[in-house]
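J.: Data file structure-v8.txt (compact mmCIF, C-alpha atoms) is appended below.
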# COMPACT_ATOMS: atom_id res chain seq x y z
CA GLU L 1304 25.20 7.25 -7.90
CA SER L 1305 23.36 8.27 -11.07
CA VAL L 1306 20.07 7.42 -9.37
CA VAL L 1307 20.96 9.48 -6.31
CA SER L 1308 22.01 12.50 -8.39
CA SER L 1309 18.92 12.45 -10.62
CA ARG L 1310 15.55 13.92 -9.65
CA ASN L 1311 13.49 10.82 -10.45
CA LYS L 1312 11.21 9.41 -7.81
CA ILE L 1313 12.48 6.31 -6.01
CA ILE L 1314 9.94 3.69 -4.94
CA LEU L 1315 11.00 1.76 -1.84
CA TYR L 1316 8.92 -1.38 -2.29
CA PHE L 1317 8.02 -4.04 0.27
CA HIS L 1318 6.67 -7.25 -1.22
CA GLY L 1319 3.62 -9.03 0.15
CA GLY L 1320 3.19 -12.60 1.27
CA ALA L 1321 1.31 -12.49 4.59
CA PHE L 1322 4.55 -11.58 6.42
CA CYS L 1323 5.59 -15.22 5.94
CA TRP L 1324 6.14 -15.93 2.23
CA GLN L 1325 7.22 -14.60 -1.13
CA SER L 1326 10.38 -12.73 -2.01
CA LEU L 1327 12.09 -10.44 -4.48
CA ALA L 1328 11.94 -13.29 -6.99
CA SER L 1329 8.16 -13.69 -6.71
CA HIS L 1330 7.63 -9.98 -7.42
CA ARG L 1331 10.32 -9.46 -10.03
CA MET L 1332 8.00 -9.47 -13.06
CA MET L 1333 5.54 -7.05 -11.48
CA LEU L 1334 8.24 -4.64 -10.32
CA TYR L 1335 9.87 -4.71 -13.75
CA ALA L 1336 6.56 -3.72 -15.34
CA MET L 1337 5.98 -1.07 -12.68
CA ALA L 1338 9.39 0.50 -13.24
CA LYS L 1339 8.94 0.43 -17.01
CA ASP L 1340 5.49 2.06 -16.95
CA THR L 1341 6.12 4.64 -14.20
CA GLY L 1342 9.68 5.63 -15.06
CA ALA L 1343 10.59 5.41 -11.38
CA THR L 1344 13.59 3.69 -9.87
CA ILE L 1345 12.48 0.83 -7.61
CA LEU L 1346 14.41 -0.47 -4.62
CA SER L 1347 12.88 -3.61 -3.14
CA ILE L 1348 14.33 -5.43 -0.14
CA GLU L 1349 14.16 -8.77 1.59
CA TYR L 1350 13.01 -8.51 5.20
CA ARG L 1351 12.87 -11.06 7.98
CA LYS L 1352 9.69 -13.11 7.96
CA ALA L 1353 7.36 -14.79 10.43
CA PRO L 1354 6.97 -17.16 12.15
CA GLU L 1355 10.71 -17.26 12.91
CA ASN L 1356 10.85 -13.45 12.92
CA PRO L 1357 7.47 -12.09 14.06
CA TYR L 1358 6.35 -8.53 14.73
CA PRO L 1359 8.03 -6.05 14.99
CA LEU L 1360 11.11 -7.42 13.18
CA PRO L 1361 9.85 -7.21 9.55
CA GLY L 1362 8.83 -3.59 10.03
CA GLN L 1363 12.16 -2.75 11.66
CA ASP L 1364 14.02 -4.10 8.63
CA CYS L 1365 11.87 -1.99 6.31
CA PHE L 1366 12.44 1.10 8.43
CA GLU L 1367 16.21 0.54 8.35
CA ALA L 1368 15.97 0.40 4.55
CA TYR L 1369 14.11 3.74 4.56
CA LYS L 1370 16.75 5.35 6.79
CA TRP L 1371 19.53 4.03 4.56
CA LEU L 1372 17.85 5.33 1.41
CA LEU L 1373 17.12 8.68 3.04
CA GLN L 1374 20.79 9.03 3.92
CA LYS L 1375 21.81 8.20 0.35
CA VAL L 1376 19.24 10.42 -1.38
CA GLY L 1377 19.05 13.26 1.12
CA ASP L 1378 15.66 14.47 -0.09
CA SER L 1379 12.76 12.52 1.42
CA SER L 1380 10.31 14.02 -1.08
CA ARG L 1381 11.85 11.83 -3.78
CA ILE L 1382 11.08 8.64 -1.83
CA VAL L 1383 7.74 6.85 -2.17
CA VAL L 1384 7.18 3.91 0.16
CA ALA L 1385 5.03 1.22 -1.39
CA GLY L 1386 3.94 -2.36 -0.95
CA ASP L 1387 1.28 -4.94 -1.63
CA SER L 1388 -0.83 -6.88 0.87
CA ALA L 1389 1.35 -7.40 3.98
CA GLY L 1390 3.96 -5.23 2.28
CA GLY L 1391 1.37 -2.45 2.19
CA ALA L 1392 1.02 -2.77 5.96
CA LEU L 1393 4.80 -2.54 6.28
CA ALA L 1394 4.84 0.58 4.10
CA ILE L 1395 2.35 2.19 6.47
CA ASP L 1396 4.53 1.11 9.42
CA VAL L 1397 7.53 2.86 7.85
CA VAL L 1398 5.61 6.12 7.38
CA LEU L 1399 4.44 6.06 11.00
CA MET L 1400 7.89 5.15 12.36
CA ALA L 1401 9.39 8.04 10.42
CA ARG L 1402 6.73 10.39 11.81
CA ASP L 1403 7.09 9.19 15.40
CA GLY L 1404 10.88 9.18 15.15
CA GLN L 1405 10.80 12.76 13.84
CA LEU L 1406 12.46 11.81 10.58
CA PRO L 1407 11.45 13.45 7.30
CA ARG L 1408 8.38 11.69 5.96
CA PRO L 1409 8.47 10.18 2.48
CA GLY L 1410 7.02 12.14 -0.40
CA GLY L 1411 4.17 9.70 -0.85
CA SER L 1412 2.93 6.15 -0.49
CA ILE L 1413 1.46 3.59 -2.89
CA LEU L 1414 -0.57 0.75 -1.38
CA LEU L 1415 -1.69 -2.21 -3.51
CA SER L 1416 -4.43 -4.25 -1.83
CA PRO L 1417 -2.94 -3.53 1.60
CA TRP L 1418 -3.68 -5.93 4.47
CA VAL L 1419 -4.65 -3.47 7.17
CA ASP L 1420 -6.81 -5.49 9.60
CA LEU L 1421 -4.88 -8.50 10.86
CA VAL L 1422 -7.83 -10.07 12.68
CA ASP L 1423 -10.53 -9.38 10.11
CA ASP L 1424 -13.20 -12.08 10.30
CA TYR L 1425 -16.27 -9.87 10.08
CA ASN L 1426 -16.21 -7.72 6.94
CA PRO L 1427 -18.81 -8.78 4.31
CA SER L 1428 -16.27 -8.86 1.47
CA LEU L 1429 -14.66 -11.91 3.11
CA VAL L 1430 -17.77 -13.88 2.13
CA ARG L 1431 -18.95 -11.85 -0.84
CA ASN L 1432 -15.68 -12.11 -2.75
CA GLN L 1433 -14.42 -15.49 -1.58
CA PRO L 1434 -15.67 -17.29 -4.73
CA TYR L 1435 -13.55 -14.99 -6.90
CA ASP L 1436 -10.40 -14.09 -4.99
CA VAL L 1437 -7.07 -15.89 -5.15
CA ILE L 1438 -6.58 -16.10 -1.38
CA PRO L 1439 -8.84 -17.99 1.06
CA ALA L 1440 -10.40 -16.02 3.91
CA TYR L 1441 -9.40 -18.57 6.55
CA LEU L 1442 -5.74 -17.62 6.04
CA ILE L 1443 -6.20 -14.19 7.63
CA PRO L 1444 -6.39 -15.23 11.31
CA TYR L 1445 -4.03 -18.17 10.74
CA VAL L 1446 -1.10 -16.29 9.25
CA GLY L 1447 -1.91 -13.22 11.32
CA SER L 1448 -1.29 -15.27 14.47
CA MET L 1449 2.11 -16.32 13.13
CA TYR L 1450 3.06 -12.65 12.75
CA ILE L 1451 1.74 -11.31 16.04
CA ASP L 1452 -0.06 -12.46 19.17
CA PRO L 1453 -3.79 -12.15 18.33
CA SER L 1454 -4.36 -10.24 21.57
CA LYS L 1455 -2.11 -7.46 20.25
CA ALA L 1456 -3.12 -7.56 16.58
CA ASN L 1457 -5.89 -4.96 16.80
CA SER L 1458 -3.58 -2.21 18.04
CA VAL L 1459 -1.00 -3.04 15.35
CA SER L 1460 -3.48 -3.16 12.46
CA ALA L 1461 -3.16 -0.04 10.34
CA VAL L 1462 -6.92 0.49 10.19
CA ASN L 1463 -6.92 1.11 13.96
CA ARG L 1464 -3.84 3.34 14.19
CA ASP L 1465 -3.38 7.10 14.27
CA LEU L 1466 -2.69 8.05 10.64
CA LYS L 1467 -2.30 11.79 11.18
CA ASP L 1468 0.24 13.60 8.96
CA PHE L 1469 0.32 10.80 6.41
CA PRO L 1470 1.85 11.82 3.07
CA PRO L 1471 -0.19 11.77 -0.16
CA VAL L 1472 -1.29 8.20 -0.76
CA LEU L 1473 -2.53 6.14 -3.69
CA VAL L 1474 -4.53 3.01 -2.90
CA GLU L 1475 -5.28 0.42 -5.58
CA VAL L 1476 -7.92 -2.24 -4.88
CA GLY L 1477 -9.89 -4.86 -6.79
CA ASP L 1478 -13.64 -5.12 -6.28
CA SER L 1479 -13.39 -8.93 -6.20
CA GLU L 1480 -10.87 -9.30 -3.38
CA ILE L 1481 -11.74 -10.43 0.11
CA LEU L 1482 -9.91 -7.49 1.72
CA GLN L 1483 -11.95 -4.88 -0.15
CA ASP L 1484 -14.02 -3.75 2.84
CA GLN L 1485 -11.09 -3.32 5.23
CA ILE L 1486 -9.19 -1.39 2.55
CA MET L 1487 -12.16 0.97 2.18
CA LYS L 1488 -12.10 1.49 5.94
CA LEU L 1489 -8.42 2.39 5.71
CA VAL L 1490 -9.21 5.02 3.06
CA GLU L 1491 -11.86 6.50 5.32
CA LYS L 1492 -9.43 6.49 8.26
CA LEU L 1493 -6.75 8.23 6.20
CA GLN L 1494 -9.26 10.92 5.29
CA SER L 1495 -10.61 11.44 8.81
CA ASP L 1496 -7.25 11.50 10.62
CA GLY L 1497 -5.78 14.02 8.21
CA SER L 1498 -3.45 16.71 9.50
CA SER L 1499 -3.72 19.73 11.69
CA SER L 1500 -2.70 22.01 8.82
CA THR L 1501 -3.89 20.39 5.61
CA GLU L 1502 -6.42 17.95 4.33
CA PRO L 1503 -4.94 14.60 3.30
CA TYR L 1504 -4.62 13.57 -0.32
CA VAL L 1505 -6.09 10.09 -0.57
CA GLU L 1506 -6.57 8.70 -4.06
CA CYS L 1507 -8.22 5.30 -4.31
CA ASN L 1508 -8.99 3.41 -7.51
CA THR L 1509 -11.26 0.37 -7.55
CA TYR L 1510 -10.92 -2.04 -10.48
CA THR L 1511 -13.85 -4.12 -11.70
CA ASP L 1512 -13.46 -7.92 -11.48
CA MET L 1513 -9.89 -7.63 -10.16
CA VAL L 1514 -8.59 -9.80 -7.32
CA HIS L 1515 -6.03 -9.35 -4.55
CA VAL L 1516 -2.85 -7.69 -5.86
CA PHE L 1517 -3.94 -8.20 -9.46
CA GLN L 1518 -0.81 -6.31 -10.60
CA MET L 1519 1.09 -9.55 -9.91
CA LEU L 1520 -0.50 -10.83 -13.13
CA ALA L 1521 1.42 -8.26 -15.18
CA ILE L 1522 2.55 -10.96 -17.60
CA THR L 1523 -1.06 -11.27 -18.81
CA LYS L 1524 -1.03 -7.63 -19.98
CA MET L 1525 -4.64 -7.15 -18.86
CA PRO L 1526 -5.77 -3.55 -19.49
CA GLN L 1527 -6.63 -3.03 -15.81
CA ILE L 1528 -3.01 -3.68 -14.88
CA SER L 1529 -1.77 -1.14 -17.39
CA GLN L 1530 -4.34 1.33 -16.06
CA SER L 1531 -3.08 0.77 -12.54
CA PHE L 1532 0.54 1.41 -13.48
CA GLN L 1533 -0.47 4.54 -15.39
CA ARG L 1534 -2.33 5.76 -12.30
CA MET L 1535 0.85 5.24 -10.34
CA LYS L 1536 2.82 7.27 -12.88
CA ALA L 1537 0.29 10.10 -12.74
CA PHE L 1538 0.44 10.04 -8.94
CA LEU L 1539 4.24 10.20 -8.94
CA ASP L 1540 4.21 13.05 -11.47
CA LYS L 1541 2.03 15.25 -9.27
CA LEU L 1542 3.62 14.51 -5.89
CA ASP L 1543 5.75 17.65 -5.84
CA THR L 1544 2.66 19.76 -6.38
CA LEU L 1545 0.67 17.82 -3.80
CA ASN L 1546 3.34 18.26 -1.15
CA ASN L 1547 3.34 22.03 -1.64
CA CYS L 1548 -0.37 22.79 -1.47
CA VAL L 1549 -3.49 22.04 0.49
CA THR L 1550 -5.49 19.40 -1.32
CA GLY L 1551 -8.54 17.33 -0.58
CA PRO L 1552 -9.12 13.62 -0.94
CA VAL L 1553 -10.11 11.86 -4.13
CA VAL L 1554 -11.81 8.47 -4.20
CA SER L 1555 -13.29 6.21 -6.82
CA GLU L 1556 -16.95 6.30 -7.78
CA LYS L 1557 -17.67 2.93 -6.16
CA MET L 1558 -16.66 4.28 -2.77
CA GLU L 1559 -19.13 7.13 -2.79
CA ARG L 1560 -21.77 4.87 -1.25
CA GLU L 1561 -19.67 4.53 1.91
CA LEU L 1562 -17.70 7.77 2.10
CA PRO L 1563 -18.68 11.46 1.91
CA PRO L 1564 -19.30 12.75 -1.63
CA LEU L 1565 -15.96 13.47 -3.26
CA THR L 1566 -14.44 14.00 -6.67
CA VAL L 1567 -14.89 10.93 -8.85
CA ASN L 1568 -11.70 9.18 -9.98
CA ASP L 1569 -12.66 5.84 -11.54
CA PRO L 1570 -10.10 4.08 -13.79
CA GLU L 1571 -12.91 2.28 -15.60
CA ARG L 1572 -13.93 5.66 -17.03
CA ALA L 1573 -10.40 6.69 -17.94
Just dump the structure as C-alpha cells.

T.:
Amino acid sequence: ESVVSSRNKIILYFHGGAFCWQSLASHRMMLYAMAKDTGATILSIEYRKAPENPYPLPGQDCFEAYKWLLQKVGDSSRIVVAGDSAGGALAIDVVLMARDGQLPRPGGSILLSPWVDLVDDYNPSLVRNQPYDVIPAYLIPYVGSMYIDPSKANSVSAVNRDLKDFPPVLVEVGDSEILQDQIMKLVEKLQSDGSSSTEPYVECNTYTDMVHVFQMLAITKMPQISQSFQRMKAFLDKLDTLNNCVTGPVVSEKMERELPPLTVNDPERA
C-alpha cells in the first residue's frame, strides 16, 4: 500500500531468456542493483514459457500483470514497462496491447538488448559480434521456432509492427552483441512510426565492448553497468516532463551513421 500511495515510478519488469528459460531468480541480482540505483520500485513476474506455452501466452500473462498493476496504482504514468532480450519483446507487446485495447498506456518503457526480430539470420552483427557475445547466433531461429511458428514470426516481431503512439522509450544496447543491428532497426522504426500529434522520444545508448544484456553482470560493478542504471534513473526522472510536451528523439553518437542526424547522447562521454 505504501508503494501505491507514493509517487515513485514503478517498473514492471519482464525477464529475458528466449521465451523459454530464466526466471525471477536468474535476474534477482540485476533487479536489486537496478532498484537501488534508480530509486524505483520494481515488480517482476513469472510468465508461462515456451515450448509448452508458446505465443501468445507469455505476452498475455504480462498484459494481465499490467492490468492488475494499473488497477492497483490507478495512474498509468507511474508505470514503466521494461524487459531484457525476449522480455524486451514482451514489454513492447504489453504497450501495444494496451494501445489496441484502449487502455491507458504506460508512462514509459525501458528495453535492454531487446530481441525484436525473431527470424533474424541476415543482419551483419550476427557475424560481426559472434566472437564476442555471450549467446550463439544459431539459437535465434531455433528458440524462435519453439515460441512461434516461423511462418508467423515476421508479423509478430516488434521490428515489423506498427509502433505508433509508443510512450517515451529508453533502449540500452552493447556494441558487441549479435542483436545490435536489429535493435538499431527498432530504434529507427520507433522514430518513424511516431504519433499523429507528437514526435516520439526515443533515447538509445550504445556501450562500447558490452555484450547482450550486460546489466546481468551487475555483480562485477563494471562502470558501464553503473552508467546504464544512471541513465535509467535520469530517464525515469524526466518522464513526467516528457509526457507533457512535444519532444524529439535522441540517439547515441554511434547510431548517427545509420539514422538521421540527431542530438548526441553517448554514455561513453558522460

J.: Pick out the residues sitting within 9 Å of Asp1484 of chain L, and hand them over as a PyMOL selection string; count only C-alpha atoms, and ignore anything fewer than 2 positions along from it in its own chain.

T.: chain L and resi 1426-1429+1480-1482+1486-1489

J.: Hey, could you make a per-residue contact list for segment 1319-1433 of chain L against segment 1504-1511 of chain L with 12 Å as the cut-off, showing the nearest pair of atoms and its distance in Å to one decimal, counting only C-alpha atoms, sorted by chain and number, as JSON lines?

T.:
{"residue": "L:Gly1410", "atom": "CA", "partner": "L:Tyr1504", "partner_atom": "CA", "distance": 11.7}
{"residue": "L:Gly1411", "atom": "CA", "partner": "L:Tyr1504", "partner_atom": "CA", "distance": 9.6}
{"residue": "L:Ser1412", "atom": "CA", "partner": "L:Val1505", "partner_atom": "CA", "distance": 9.8}
{"residue": "L:Ile1413", "atom": "CA", "partner": "L:Glu1506", "partner_atom": "CA", "distance": 9.6}
{"residue": "L:Leu1414", "atom": "CA", "partner": "L:Cys1507", "partner_atom": "CA", "distance": 9.4}
{"residue": "L:Leu1415", "atom": "CA", "partner": "L:Cys1507", "partner_atom": "CA", "distance": 10.0}
{"residue": "L:Ser1416", "atom": "CA", "partner": "L:Thr1509", "partner_atom": "CA", "distance": 10.0}
{"residue": "L:Pro1417", "atom": "CA", "partner": "L:Cys1507", "partner_atom": "CA", "distance": 11.9}

J.: Please measure the separation of atom CA of Asn1463 of chain L and atom CA of Phe1538 of chain L, giving the value in Å to one decimal.

T.: 25.7 Å

J.: Distance cut-off 12 Å, centre (-1.3, -1.8, 10.5) in file coordinates, counting all atoms listed in the file: which residues qualify? Return them as an mmCIF file with C-alpha atoms, in the frame of the given file.

T.:
data_model
loop_
_atom_site.group_PDB
_atom_site.id
_atom_site.type_symbol
_atom_site.label_atom_id
_atom_site.label_comp_id
_atom_site.auth_asym_id
_atom_site.auth_seq_id
_atom_site.Cartn_x
_atom_site.Cartn_y
_atom_site.Cartn_z
ATOM 1 C CA TYR L 1358 6.350 -8.530 14.730
ATOM 2 C CA PRO L 1359 8.030 -6.050 14.990
ATOM 3 C CA GLY L 1362 8.830 -3.590 10.030
ATOM 4 C CA SER L 1388 -0.830 -6.880 0.870
ATOM 5 C CA ALA L 1389 1.350 -7.400 3.980
ATOM 6 C CA GLY L 1390 3.960 -5.230 2.280
ATOM 7 C CA GLY L 1391 1.370 -2.450 2.190
ATOM 8 C CA ALA L 1392 1.020 -2.770 5.960
ATOM 9 C CA LEU L 1393 4.800 -2.540 6.280
ATOM 10 C CA ALA L 1394 4.840 0.580 4.100
ATOM 11 C CA ILE L 1395 2.350 2.190 6.470
ATOM 12 C CA ASP L 1396 4.530 1.110 9.420
ATOM 13 C CA VAL L 1397 7.530 2.860 7.850
ATOM 14 C CA VAL L 1398 5.610 6.120 7.380
ATOM 15 C CA LEU L 1399 4.440 6.060 11.000
ATOM 16 C CA MET L 1400 7.890 5.150 12.360
ATOM 17 C CA PRO L 1417 -2.940 -3.530 1.600
ATOM 18 C CA TRP L 1418 -3.680 -5.930 4.470
ATOM 19 C CA VAL L 1419 -4.650 -3.470 7.170
ATOM 20 C CA ASP L 1420 -6.810 -5.490 9.600
ATOM 21 C CA LEU L 1421 -4.880 -8.500 10.860
ATOM 22 C CA VAL L 1422 -7.830 -10.070 12.680
ATOM 23 C CA ASP L 1423 -10.530 -9.380 10.110
ATOM 24 C CA GLY L 1447 -1.910 -13.220 11.320
ATOM 25 C CA TYR L 1450 3.060 -12.650 12.750
ATOM 26 C CA ILE L 1451 1.740 -11.310 16.040
ATOM 27 C CA LYS L 1455 -2.110 -7.460 20.250
ATOM 28 C CA ALA L 1456 -3.120 -7.560 16.580
ATOM 29 C CA ASN L 1457 -5.890 -4.960 16.800
ATOM 30 C CA SER L 1458 -3.580 -2.210 18.040
ATOM 31 C CA VAL L 1459 -1.000 -3.040 15.350
ATOM 32 C CA SER L 1460 -3.480 -3.160 12.460
ATOM 33 C CA ALA L 1461 -3.160 -0.040 10.340
ATOM 34 C CA VAL L 1462 -6.920 0.490 10.190
ATOM 35 C CA ASN L 1463 -6.920 1.110 13.960
ATOM 36 C CA ARG L 1464 -3.840 3.340 14.190
ATOM 37 C CA ASP L 1465 -3.380 7.100 14.270
ATOM 38 C CA LEU L 1466 -2.690 8.050 10.640
ATOM 39 C CA GLN L 1485 -11.090 -3.320 5.230
ATOM 40 C CA ILE L 1486 -9.190 -1.390 2.550
ATOM 41 C CA LEU L 1489 -8.420 2.390 5.710
ATOM 42 C CA LYS L 1492 -9.430 6.490 8.260
#

J.: To one decimal in Å, tell me the separation between atom CA of Leu1346 of chain L and atom CA of Val1490 of chain L.

T.: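 Atom CA of Val1490 of chain L lies 25.4 Å from atom CA of Leu1346 of chain L.
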
J.: Write out as a ChimeraX atom specification which residues come within 9 Å of Met1513 of chain L when counting only C-alpha atoms, dropping same-chain ones fewer than 3 positions away.

T.: /L:1435-1436,1476-1480,1509-1510,1516-1517,1527

J.: May I have the residues within 10 Å of Ile1522 of chain L as a ChimeraX atom specification, using only C-alpha atoms and disregarding those fewer than 3 positions away in the same chain?

T.: /L:1332-1333,1336,1518-1519,1525,1528

J.: Smallest atom-to-atom distance to Phe1532 of chain L: which of L:Leu1360, L:Leu1473, L:Gly1320, L:Leu1406, using all atoms listed in the file?

T.: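 When distances to Phe1532 of chain L are compared using all atoms listed in the file, the smallest one comes from L:Leu1473.
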
J.: Which residue out of L:Asp1452, L:Asp1378, L:Glu1349, L:Asp1424 has the minimum interatomic distance to His1318 of chain L when all atoms listed in the file are used?

T.: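 Nearest to His1318 of chain L: L:Glu1349.
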
J.: Kindly give the distance, in Å, that separates atom CA of Arg1381 of chain L and atom CA of Val1474 of chain L, rounded to a single decimal.

T.: 18.6 Å
